[in-house]
Each structure stands twice: as C-alpha cells, then as structure tokens.
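Colleague: Contents of upload_22.tsv (TSV, C-alpha atoms) are below:
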chain	number	residue	atom	x	y	z
V	194	MET	CA	46.09	6.96	-30.26
V	195	ALA	CA	46.88	9.93	-32.50
V	196	ALA	CA	46.24	13.34	-31.00
V	197	HIS	CA	44.30	14.51	-34.07
V	198	SER	CA	41.69	11.74	-33.51
V	199	LEU	CA	40.73	13.16	-30.09
V	200	ASN	CA	38.82	16.25	-28.96
V	201	LYS	CA	36.85	16.78	-32.15
V	202	LEU	CA	33.98	18.65	-30.51
V	203	THR	CA	33.78	22.07	-28.96
V	204	ALA	CA	31.59	23.12	-26.02
V	205	GLN	CA	29.51	25.26	-28.39
V	206	GLU	CA	29.03	22.33	-30.77
V	207	VAL	CA	27.88	20.16	-27.89
V	208	LYS	CA	25.34	22.77	-26.87
V	209	GLY	CA	23.93	23.25	-30.37
V	210	ALA	CA	24.29	19.69	-31.67
V	211	GLU	CA	21.45	18.29	-33.77
V	212	PRO	CA	19.72	14.99	-32.77
V	213	GLY	CA	21.98	12.05	-33.54
V	214	LYS	CA	25.40	10.65	-32.59
V	215	HIS	CA	28.45	12.93	-32.57
V	216	SER	CA	32.01	11.63	-32.12
V	217	ASP	CA	34.58	13.43	-29.98
V	218	GLY	CA	37.16	10.79	-30.84
V	219	GLY	CA	38.72	7.99	-28.83
V	220	GLY	CA	35.39	6.22	-28.52
V	221	LEU	CA	33.64	9.14	-26.78
V	222	TRP	CA	30.27	9.94	-28.33
V	223	LEU	CA	27.53	12.44	-27.67
V	224	HIS	CA	24.07	10.93	-28.25
V	225	LYS	CA	21.71	13.87	-28.78
V	226	ARG	CA	17.97	13.25	-28.50
V	227	GLU	CA	15.03	14.86	-30.28
V	228	ASP	CA	13.91	16.54	-27.06
V	229	GLY	CA	17.23	18.41	-26.82
V	230	GLY	CA	18.72	16.23	-24.08
V	231	GLY	CA	21.93	14.32	-24.55
V	232	GLN	CA	24.02	11.50	-23.10
V	233	TRP	CA	27.76	10.85	-23.11
V	234	VAL	CA	28.66	7.30	-24.16
V	235	LEU	CA	32.10	5.69	-24.25
V	236	ARG	CA	32.78	2.80	-26.61
V	237	VAL	CA	35.70	0.52	-25.72
V	238	THR	CA	36.80	-2.99	-26.57
V	239	VAL	CA	37.71	-5.43	-23.79
V	240	HIS	CA	38.69	-9.05	-24.42
V	241	GLY	CA	37.52	-8.65	-28.00
V	242	ARG	CA	34.04	-7.48	-26.94
V	243	ARG	CA	32.71	-4.03	-27.63
V	244	ARG	CA	31.30	-2.32	-24.54
V	245	GLU	CA	29.24	0.88	-24.32
V	246	MET	CA	29.42	2.78	-21.08
V	247	GLY	CA	27.21	5.74	-20.14
V	248	LEU	CA	29.13	8.66	-18.67
V	249	GLY	CA	26.18	10.83	-17.68
V	250	SER	CA	23.87	13.49	-19.04
V	251	ALA	CA	25.30	16.21	-21.28
V	252	GLN	CA	23.40	18.69	-19.10
V	253	ASP	CA	25.24	17.52	-15.96
V	254	VAL	CA	28.63	16.43	-17.33
V	255	THR	CA	30.65	19.04	-19.24
V	256	LEU	CA	32.70	18.19	-22.32
V	257	LYS	CA	35.89	18.59	-20.28
V	258	ASP	CA	34.66	16.21	-17.55
V	259	ALA	CA	33.40	13.71	-20.13
V	260	ARG	CA	36.86	13.63	-21.71
V	261	ALA	CA	38.50	13.09	-18.30
V	262	LEU	CA	36.15	10.20	-17.52
V	263	ALA	CA	36.70	8.72	-20.96
V	264	ALA	CA	40.49	8.85	-20.48
V	265	LYS	CA	40.18	7.09	-17.11
V	266	TRP	CA	38.02	4.25	-18.40
V	267	ARG	CA	39.96	3.91	-21.68
V	268	GLY	CA	43.11	3.34	-19.65
V	269	LEU	CA	41.47	0.44	-17.81
V	270	ALA	CA	40.17	-1.02	-21.07
V	271	ALA	CA	43.69	-0.88	-22.50
V	272	ALA	CA	44.79	-2.99	-19.53
V	273	GLU	CA	42.02	-5.49	-20.37
V	274	ILE	CA	39.96	-4.47	-17.30
V	275	ASP	CA	36.24	-4.13	-18.00
V	276	PRO	CA	35.46	-0.49	-17.05
V	277	ILE	CA	31.74	-1.18	-16.48
V	278	LYS	CA	32.47	-3.96	-13.99
V	279	GLN	CA	35.14	-1.82	-12.36
V	280	ARG	CA	32.68	1.06	-11.91
V	281	GLN	CA	30.13	-1.30	-10.36
V	282	LYS	CA	32.81	-2.54	-7.98
V	283	GLU	CA	33.71	1.04	-7.00
V	284	ARG	CA	30.07	1.84	-6.32
V	285	ARG	CA	29.74	-1.21	-4.07
V	286	GLU	CA	32.83	-0.15	-2.16
V	287	ALA	CA	31.42	3.37	-1.82
V	288	LEU	CA	28.26	1.91	-0.28
V	289	ARG	CA	30.35	-0.07	2.15
V	290	ASN	CA	32.03	3.18	3.13
V	291	LEU	CA	28.67	4.49	4.34
V	292	HIS	CA	29.82	3.40	7.75
V	293	LEU	CA	28.52	6.14	10.04
V	294	LEU	CA	25.12	5.43	11.59
V	295	LYS	CA	23.68	8.71	10.26
V	296	ASP	CA	24.53	7.63	6.69
V	297	ILE	CA	23.24	4.09	7.22
V	298	ALA	CA	19.99	5.38	8.77
V	299	THR	CA	19.39	7.78	5.87
V	300	ASP	CA	20.12	5.06	3.31
V	301	ALA	CA	17.80	2.61	5.13
V	302	PHE	CA	15.01	5.19	5.18
V	303	GLU	CA	15.41	5.97	1.47
V	304	SER	CA	15.23	2.27	0.58
V	305	ARG	CA	11.97	1.86	2.52
V	306	LYS	CA	10.15	5.00	1.40
V	307	ALA	CA	8.13	3.13	-1.22
V	308	GLU	CA	6.69	0.88	1.52
V	309	LEU	CA	5.59	3.81	3.66
V	310	LYS	CA	2.37	5.75	3.40
V	311	GLY	CA	2.94	8.92	1.36
V	312	ASP	CA	6.53	7.82	0.73
V	313	GLY	CA	7.29	8.63	4.36
V	314	GLU	CA	6.82	12.37	3.78
V	315	ALA	CA	5.19	12.83	7.18
V	316	GLY	CA	8.51	11.80	8.73
V	317	ARG	CA	6.96	9.49	11.32
V	318	TRP	CA	9.19	6.55	10.41
V	319	PHE	CA	12.43	8.51	10.65
V	320	SER	CA	11.57	10.92	13.49
V	321	PRO	CA	12.23	8.59	16.49
V	322	ILE	CA	15.74	7.74	15.33
V	323	ARG	CA	16.47	11.28	14.12
V	324	LEU	CA	15.42	12.88	17.40
V	325	TYR	CA	16.63	10.37	19.97
V	326	VAL	CA	19.39	8.23	18.44
V	327	LEU	CA	21.35	10.19	15.85
V	328	PRO	CA	22.25	13.14	18.13
V	329	LYS	CA	24.36	10.73	20.24
V	330	LEU	CA	25.25	7.91	17.85
V	331	GLY	CA	24.95	9.49	14.40
V	332	LYS	CA	28.70	10.02	13.94
V	333	VAL	CA	29.68	6.63	15.40
V	334	PRO	CA	30.79	3.91	12.94
V	335	VAL	CA	27.92	1.44	12.87
V	336	ALA	CA	30.28	-1.51	13.35
V	337	GLU	CA	31.36	-0.06	16.71
V	338	ILE	CA	27.85	0.35	18.15
V	339	ASP	CA	27.08	-2.13	20.93
V	340	GLN	CA	24.27	-2.73	23.40
V	341	THR	CA	25.79	-0.40	26.00
V	342	ASP	CA	25.83	2.51	23.55
V	343	ILE	CA	22.19	1.86	22.67
V	344	ARG	CA	21.16	1.52	26.31
V	345	ASP	CA	22.86	4.78	27.30
V	346	THR	CA	21.21	6.55	24.34
V	347	LEU	CA	17.63	5.40	25.01
V	348	ALA	CA	17.70	5.20	28.82
V	349	PRO	CA	16.56	8.84	29.29
V	350	ILE	CA	13.28	8.18	27.44
V	351	TRP	CA	12.82	4.44	28.04
V	352	HIS	CA	10.21	4.97	30.77
V	353	THR	CA	9.04	8.54	30.19
V	354	LYS	CA	8.41	8.17	26.43
V	355	ALA	CA	7.98	4.43	26.26
V	356	GLU	CA	6.25	4.12	22.88
V	357	THR	CA	8.67	6.51	21.19
V	358	ALA	CA	11.64	4.67	22.70
V	359	LYS	CA	10.33	1.34	21.43
V	360	LYS	CA	9.94	2.79	17.94
V	361	ALA	CA	13.46	4.21	18.05
V	362	LEU	CA	14.85	0.82	19.07
V	363	ASN	CA	12.88	-0.90	16.30
V	364	ARG	CA	14.12	1.56	13.66
V	365	LEU	CA	17.69	1.14	14.92
V	366	ALA	CA	17.40	-2.65	14.53
V	367	ILE	CA	16.30	-2.12	10.91
V	368	CYS	CA	19.31	0.16	10.34
V	369	MET	CA	21.67	-2.48	11.75
V	370	LYS	CA	20.21	-5.09	9.38
V	371	HIS	CA	20.60	-2.64	6.51
V	372	ALA	CA	24.26	-2.15	7.43
V	373	ALA	CA	24.79	-5.92	7.48
V	374	ALA	CA	23.20	-6.19	4.01
V	375	LEU	CA	25.75	-3.62	2.79
V	376	GLY	CA	28.51	-5.93	3.96
V	377	LEU	CA	29.43	-4.15	7.20
V	378	ASP	CA	30.41	-6.15	10.26
V	379	VAL	CA	27.71	-5.23	12.79
V	380	ASP	CA	26.23	-6.89	15.86
V	381	LEU	CA	22.68	-7.76	14.80
V	382	GLN	CA	21.80	-8.72	18.38
V	383	ALA	CA	22.87	-5.37	19.83
V	384	THR	CA	19.34	-3.94	19.98
V	385	GLU	CA	17.91	-7.04	21.68
V	386	LYS	CA	20.76	-7.02	24.22
V	387	ALA	CA	20.13	-3.31	24.81
V	388	LYS	CA	16.47	-4.05	25.44
V	389	ALA	CA	17.46	-6.58	28.10
V	390	LEU	CA	19.75	-4.00	29.71
V	391	LEU	CA	17.05	-1.32	29.65
V	392	GLY	CA	14.58	-3.58	31.45
V	393	LYS	CA	10.81	-3.68	31.46
V	394	GLN	CA	9.14	-0.37	30.78
V	395	ARG	CA	7.12	1.11	33.64
V	396	HIS	CA	5.11	3.47	31.49
V	397	LYS	CA	1.91	2.08	30.01
V	398	ALA	CA	0.62	3.46	26.74
V	399	GLN	CA	-2.56	5.47	27.24
V	400	ASN	CA	-5.36	5.50	24.74
V	401	LEU	CA	-6.64	8.84	23.54
V	402	PRO	CA	-9.51	10.03	25.78
V	403	ALA	CA	-12.91	9.02	24.44
V	404	MET	CA	-16.37	10.38	25.12
V	405	ALA	CA	-18.93	7.98	26.59
V	406	TRP	CA	-21.36	6.94	23.87
V	407	GLN	CA	-24.25	8.13	26.00
V	408	ALA	CA	-22.83	11.69	25.92
V	409	VAL	CA	-22.28	11.85	22.16
V	410	PRO	CA	-25.82	13.05	21.20
V	411	ALA	CA	-25.55	16.18	23.37
V	412	PHE	CA	-22.10	17.00	21.97
V	413	TYR	CA	-23.30	16.40	18.40
V	414	ALA	CA	-26.26	18.73	18.90
V	415	GLY	CA	-23.84	21.48	19.95
V	416	LEU	CA	-21.98	21.28	16.64
V	417	SER	CA	-24.54	23.48	14.98
V	418	ASP	CA	-22.87	26.59	13.57
V	419	GLY	CA	-22.35	25.14	10.06
V	420	SER	CA	-18.60	25.84	10.09
V	421	ILE	CA	-16.12	23.50	8.41
V	422	THR	CA	-14.80	22.35	11.80
V	423	HIS	CA	-18.30	21.58	13.17
V	424	LEU	CA	-19.33	19.77	9.99
V	425	ALA	CA	-16.09	17.78	9.88
V	426	LEU	CA	-16.55	16.67	13.48
V	427	ARG	CA	-20.15	15.68	12.76
V	428	LEU	CA	-19.12	13.52	9.81
V	429	LEU	CA	-16.22	12.06	11.81
V	430	ILE	CA	-18.65	10.95	14.51
V	431	LEU	CA	-21.22	9.58	12.03
V	432	THR	CA	-18.73	7.52	10.00
V	433	GLY	CA	-16.30	6.29	12.66
V	434	VAL	CA	-13.32	6.93	10.37
V	435	ARG	CA	-9.91	8.26	11.36
V	436	SER	CA	-9.06	11.93	11.06
V	437	ALA	CA	-6.73	11.73	8.04
V	438	PRO	CA	-9.12	10.20	5.47
V	439	LEU	CA	-11.88	12.53	6.66
V	440	ARG	CA	-9.73	15.67	6.31
V	441	PHE	CA	-8.69	14.61	2.80
V	442	LEU	CA	-12.21	13.58	1.72
V	443	ARG	CA	-12.79	14.47	-1.93
V	444	LEU	CA	-16.22	14.80	-3.48
V	445	ASP	CA	-15.26	12.35	-6.25
V	446	GLN	CA	-14.78	9.64	-3.59
V	447	ILE	CA	-18.52	9.64	-2.89
V	448	GLU	CA	-20.92	7.68	-5.06
V	449	GLY	CA	-24.51	7.43	-3.90
V	450	ASN	CA	-24.48	6.52	-0.22
V	451	VAL	CA	-20.96	5.03	-0.23
V	452	TRP	CA	-17.70	6.85	0.38
V	453	THR	CA	-14.64	4.94	-0.89
V	454	ILE	CA	-11.42	5.83	0.92
V	455	PRO	CA	-8.32	5.13	-1.22
V	456	GLY	CA	-5.91	2.61	0.28
V	457	ASP	CA	-3.11	5.17	0.57
V	458	ARG	CA	-5.31	7.22	2.93
V	459	MET	CA	-5.91	4.26	5.23
V	460	LYS	CA	-3.72	3.51	8.22
V	461	GLY	CA	-0.92	1.11	7.28
V	462	ARG	CA	1.51	0.54	4.44
V	463	ARG	CA	0.53	1.96	1.11
V	464	ASP	CA	1.23	-1.21	-0.89
V	465	ALA	CA	-0.70	-3.49	1.45
V	466	THR	CA	-3.85	-1.47	2.19
V	467	PRO	CA	-6.97	-1.91	0.03
V	468	ASP	CA	-9.61	0.75	-0.54
V	469	PHE	CA	-12.24	0.93	2.20
V	470	ARG	CA	-15.96	1.54	1.58
V	471	VAL	CA	-17.78	3.64	4.17
V	472	PRO	CA	-21.61	3.47	4.25
V	473	LEU	CA	-23.18	6.90	4.56
V	474	SER	CA	-26.37	7.25	6.59
V	475	PRO	CA	-29.02	9.82	5.58
V	476	GLU	CA	-27.68	12.08	8.35
V	477	ALA	CA	-24.10	11.75	7.01
V	478	LEU	CA	-25.30	12.60	3.50
V	479	ALA	CA	-27.10	15.66	4.90
V	480	VAL	CA	-23.87	16.84	6.56
V	481	ILE	CA	-22.01	16.38	3.26
V	482	GLU	CA	-24.64	18.47	1.44
V	483	GLN	CA	-24.21	21.22	4.05
V	484	ALA	CA	-20.45	21.16	3.55
V	485	LYS	CA	-20.47	21.20	-0.28
V	486	PRO	CA	-20.77	25.00	-0.62
V	487	LEU	CA	-17.59	25.30	1.50
V	488	ALA	CA	-15.61	22.81	-0.62
V	489	ARG	CA	-12.54	23.97	-2.54
V	490	ASP	CA	-10.23	22.24	-5.04
V	491	GLY	CA	-12.32	19.09	-4.71
V	492	PHE	CA	-11.80	18.80	-0.93
V	493	LEU	CA	-14.89	18.87	1.27
V	494	PHE	CA	-13.06	20.31	4.29
V	495	PRO	CA	-10.50	22.84	2.99
V	496	SER	CA	-8.20	24.94	5.14
V	497	VAL	CA	-8.61	28.71	5.34
V	498	ARG	CA	-5.43	29.24	3.30
V	499	LYS	CA	-4.67	26.14	1.20
V	500	GLY	CA	-4.95	22.38	1.41
V	501	VAL	CA	-7.23	20.82	4.01
V	502	ILE	CA	-7.93	21.48	7.68
V	503	SER	CA	-5.04	20.47	9.93
V	504	ASP	CA	-4.88	17.44	12.16
V	505	MET	CA	-5.25	19.67	15.22
V	506	THR	CA	-8.22	21.80	14.13
V	507	MET	CA	-10.89	19.52	15.57
V	508	SER	CA	-8.79	18.66	18.64
V	509	ARG	CA	-8.33	22.32	19.53
V	510	LEU	CA	-12.07	22.92	19.29
V	511	MET	CA	-12.71	20.17	21.84
V	512	GLU	CA	-9.87	21.47	23.98
V	513	ARG	CA	-11.40	24.96	24.01
V	514	MET	CA	-14.68	23.37	25.11
V	515	LYS	CA	-12.81	22.05	28.19
V	516	LEU	CA	-13.37	18.44	27.13
V	517	ASP	CA	-10.97	15.62	27.95
V	518	ALA	CA	-12.09	13.62	24.92
V	519	ARG	CA	-10.45	14.02	21.53
V	520	PRO	CA	-11.74	13.40	17.96
V	521	HIS	CA	-10.03	10.01	17.55
V	522	GLY	CA	-11.85	8.85	20.68
V	523	PHE	CA	-15.20	8.84	18.85
V	524	ARG	CA	-14.09	5.56	17.27
V	525	SER	CA	-14.02	4.12	20.78
V	526	SER	CA	-17.41	5.69	21.51
V	527	LEU	CA	-18.82	3.91	18.45
V	528	ARG	CA	-17.15	0.60	19.37
V	529	ASP	CA	-18.47	0.76	22.94
V	530	TRP	CA	-21.98	1.52	21.66
V	531	LEU	CA	-21.79	-1.46	19.31
V	532	ALA	CA	-20.77	-3.71	22.21
V	533	GLU	CA	-23.13	-2.36	24.85
V	534	ALA	CA	-26.24	-1.24	22.98
V	535	THR	CA	-26.40	-3.72	20.08
V	536	ASP	CA	-25.85	-7.40	19.40
V	537	THR	CA	-23.67	-6.67	16.37
V	538	SER	CA	-21.26	-9.51	15.62
V	539	HIS	CA	-17.56	-9.03	16.28
V	540	GLU	CA	-16.74	-9.20	12.54
V	541	VAL	CA	-19.22	-6.50	11.57
V	542	ALA	CA	-18.33	-4.28	14.54
V	543	GLU	CA	-14.61	-4.43	13.77
V	544	SER	CA	-15.28	-3.80	10.08
V	545	CYS	CA	-17.16	-0.62	11.02
V	546	LEU	CA	-13.81	0.68	12.30
V	547	SER	CA	-11.86	-0.70	9.31
V	548	HIS	CA	-10.01	-3.06	11.63
V	549	VAL	CA	-8.46	-6.19	10.15
V	550	VAL	CA	-10.49	-9.26	11.14
V	551	GLY	CA	-9.00	-12.76	11.12
V	552	GLY	CA	-5.70	-14.12	9.85
V	553	SER	CA	-4.30	-13.77	6.34
V	554	VAL	CA	-5.67	-17.13	5.17
V	555	GLU	CA	-9.15	-16.39	6.52
V	556	ARG	CA	-9.13	-12.95	4.89
V	557	ALA	CA	-8.05	-14.45	1.56
V	558	TYR	CA	-11.16	-16.65	1.49
V	559	ARG	CA	-13.55	-14.08	2.98
V	560	ARG	CA	-14.24	-11.57	0.21
V	561	THR	CA	-16.96	-9.52	1.94
V	562	ASP	CA	-16.48	-6.19	3.72
V	563	TYR	CA	-19.95	-6.49	5.35
V	564	LEU	CA	-21.08	-3.30	3.61
V	565	GLU	CA	-24.81	-4.10	3.76
V	566	GLN	CA	-24.66	-4.98	7.46
V	567	ARG	CA	-22.61	-1.87	8.16
V	568	GLN	CA	-25.13	0.30	6.31
V	569	ILE	CA	-27.80	-0.86	8.74
V	570	VAL	CA	-25.73	-0.48	11.89
V	571	MET	CA	-24.28	2.93	10.93
V	572	ALA	CA	-27.78	4.22	10.17
V	573	ARG	CA	-28.73	3.07	13.66
V	574	TRP	CA	-25.67	4.84	15.11
V	575	ALA	CA	-26.72	8.03	13.32
V	576	LYS	CA	-30.15	7.80	14.96
V	577	HIS	CA	-28.50	7.46	18.37
V	578	VAL	CA	-26.13	10.36	17.66
V	579	THR	CA	-29.05	12.60	16.64
V	580	GLY	CA	-31.03	11.68	19.75
V	581	GLN	CA	-33.40	9.14	18.16
V	582	ASN	CA	-32.90	6.20	20.50
V	583	GLY	CA	-34.49	2.87	19.68
V	584	GLN	CA	-34.47	-0.76	20.53
V	585	VAL	CA	-31.37	-2.94	20.76
V	586	LEU	CA	-30.23	-4.01	17.32
V	587	GLN	CA	-29.11	-7.52	16.47
V	588	LEU	CA	-26.65	-7.83	13.58
V	589	VAL	CA	-24.59	-10.89	12.79
V	590	ALA	CA	-22.03	-11.56	10.10
V	591	SER	CA	-23.30	-13.56	7.16
Represent the structure from my file as structure tokens, please.
Modeller:
Amino acid sequence: MAAHSLNKLTAQEVKGAEPGKHSDGGGLWLHKREDGGGQWVLRVTVHGRRREMGLGSAQDVTLKDARALAAKWRGLAAAEIDPIKQRQKERREALRNLHLLKDIATDAFESRKAELKGDGEAGRWFSPIRLYVLPKLGKVPVAEIDQTDIRDTLAPIWHTKAETAKKALNRLAICMKHAAALGLDVDLQATEKAKALLGKQRHKAQNLPAMAWQAVPAFYAGLSDGSITHLALRLLILTGVRSAPLRFLRLDQIEGNVWTIPGDRMKGRRDATPDFRVPLSPEALAVIEQAKPLARDGFLFPSVRKGVISDMTMSRLMERMKLDARPHGFRSSLRDWLAEATDTSHEVAESCLSHVVGGSVERAYRRTDYLEQRQIVMARWAKHVTGQNGQVLQLVAS
C-alpha cells in the first residue's frame, strides 16, 4: 500500500471533524456523529468479503492508537485471517486467563448484578466471600482450590458465624460454576466435599427478638412525641411490613387506603418480585397524615441530612429503651396475634406478612392477594395495638 494513501488525517482534523465519514487511508475511517461523538471503523476484505470492524470511540482511542490497531488487523486480513473472529478469540482467551479466585468472584458478581435487588449495591451478596474467603484464597488459581483449602478457610467461622459461613460457601460454589463456564478446569464438588469435612454446624440461627403481642399496645402508646422515628415505628407496627419498604415509603405509593410497595423494595430478587398492596387501617392513615408535614423529596420518613432514616434508627430507639425486642420482631408479634387471638386462615395470615403461600403452580392459578380480607384483619390489629380489644375474629381465605 502506497505511503501517500495512509495517514490522511491530523489530530486537529479529528477533533474538529464535521458529522460524516472521514478516511485516514488504508481502510481506516472516522465516523463522526451529529452529537459530536465519533467512532473508528476499519474496513478490510477477507476471503472476498468486506468486513467492518469497530476500533473504539474517538474520545477514548487517539488517532495514533487507531492507526496502530488498524495496522495490526490489516496485517491479519492480508494473511486471510478474519480480524473480527480473531479479536473474539482473543477476548475469550483473556476471560480464560481470569484464573485467580478474586477475578472469578468479581466477574461472577458482575454477571449476577441484574438479578439482585438494587443491582447488588448493598453488597450483601458479595460481602461473605469478600470478607471471609478472598483474604485467604483470593490470589489462588481457582483450578487449584480443593476441599481442604475451603475447609481451612471457613473453619474459623463455621460454628461461630454459621449463617455467614453457609452464605460464603454458597457464593463460592457459584464462583466455581462460573469458572467452569469460562472453560477453567475446576472441581465443582469441592464445596460439597468441604461441607462434609467441616461437619454439622453447632450454632443455631436465632430469630430477631420479638415483643409479645400482648405488650404491643403499651409500647405503641409510648410512641407519642410525633417525631419521625416514633411515627415510623407506629406505621411499621400497624402494617406489619419490613423496615426497608417502610423507610423508603413515598407519598405517591399511597392511593386511598392502599399502599403499593414496588417489587424492587420487597425482599427477594428484583426480577421475580411483584408489587405488594398493603391495606391501611384508619389508624395507619392517621399516622401518615401526622408524618406528611415532615416529608421531604417525596419520602415520608426522611433523614435529618439527606435520603431516608437509616436501618438502625428505630433499632437504636428500642435499644435505648432497654428493650430486647427489635423493629423486625413486630412482624412476629403480628403473626402470633393472628394465630392466638383470631381464627384467620393460614393463607390470609401469611399474606399479611407478604409471605409466599403455596407452590409455583398453585400461585399461578390463584390470582388473589386477599386484600379485602387483609383490610379487615389489619383494621382489627390496629384496634388491638391502640388498646381497643374485641372479640376473636374469624377470617378464612375465599
């Protein structure tokens, strides 16, 4: 190729080029867009077929680098090697070279972010392996990791932090499968063998302390100063929801006497969780009205600085009151009340807590969320909470 047919552009011309296609020679083109952005494209002919290969953004790839890339791929095309297929092959080989566990774990996490609530930003999926596995095994080639390595890594927490250890082992198994999918030779049974070596866990998971349902009215009455924390706790008790959706409650989620929690605020995977309707009793609506003057940026329970109140705000209040119970435990208080003070059916009672009821086939055919029944039972719960006891209530699923 003649020298005069190459290097037609200058760096200044690239920067100030008008929208359109500009040739640098040798098949290298700058495609400039109307918005000012641009893309380097290489045109080559392989086996009689014209191929166009993107070489990157003009903002990221300089003219000098674009020419170097073009020369590399032109050389392959001259040897009748398809440069696009060759680049794909090199990328696959680069993935296979992600052989250290720390690289595999990061890649596995990135590939699963879309399945996780909030794209995994809270870090709960990655934390067990980051804190307890990677410090010891992160720089070990994944193909060399065996059950003994895993056992020695998790043994210090296997009994003392049983739930965390189980999560770490589960995440590690996912990472090993991810490595196998990348073409690495790994022992997919290593985590199960390690579990056998670690033995049965002595530690039993403990539920968060809950307040007896009989004691809830007195506690509720004490939440009377009209502060955001007191009002948030009151609404938490009245609705039986988890802390996260309550803290992120927006006024536009409430319509009439129904609060609709978006699926991505519910516990579980974002792509598999439907919206959940929460019936609001007259008492709950009154609490919301009290809180409205304190709302900011659409959130009913804002933080002092920005965003919403933290996950620990309500817990610390109960801790300062010298209580063993914690906010999440009010869900248990409600469930115990439903079981002991009412004849509410299992389906309705579980739906009050947004628990999944029945198998996937049964749920596919059952289209109700028992909203009407839950409106009745949650109004009754509100009467109990506010000290207005009444007769035993009978509620069955219809």
Colleague: Nearest to Gln483 (chain V): which of V:Trp318, V:Pro334, V:Lys354, V:Arg427 is it, counting all atoms listed in the file?
Modeller: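 Of the candidates, the smallest distance to Gln483 (chain V) is held by V:Arg427.
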Colleague: So, counting all atoms listed in the file, which residue among V:Ala575, V:Ile421, V:Thr255, V:Thr238 is closest to Thr203 (chain V)?
Modeller: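 The closest residue to Thr203 (chain V) is V:Thr255.
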Colleague: Within 9 Å of region 241-251 of chain V, which residues of region 267-309 of chain V show up? Give each one with its shortest atom-to-atom distance in Å (one decimal) and the two atoms involved, counting all atoms listed in the file, rows by chain then rising residue number, as a Markdown table.
Modeller:
| residue | atom | partner | partner_atom | distance |
| --- | --- | --- | --- | --- |
| V:Asp275 | CA | V:Arg244 | CA | 8.4 |
| V:Pro276 | CA | V:Met246 | CA | 8.0 |
| V:Ile277 | CA | V:Met246 | CA | 6.5 |
Colleague: What separation in Å, quoted to one decimal, exists between CA of Leu381 (chain V) and CA of Tyr325 (chain V)?
Modeller: 19.8 Å
Colleague: Using only C-alpha atoms, find the one residue out of V:Leu527, V:Ala358, V:Ala271, V:Leu377 that sits nearest to Glu543 (chain V).
Modeller: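 The shortest atom-to-atom distance to Glu543 (chain V) comes from V:Leu527.
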Colleague: Kindly list the centre and edge lengths in Å, rounded to one decimal, for the axis-aligned box that covers all listed atoms of region 572-578 of chain V plus 6 Å on each of its six sides, as lines of an AutoDock Vina configuration file.
Modeller:
center_x = -27.9
center_y = 6.7
center_z = 14.3
size_x = 16.5
size_y = 19.3
size_z = 20.2
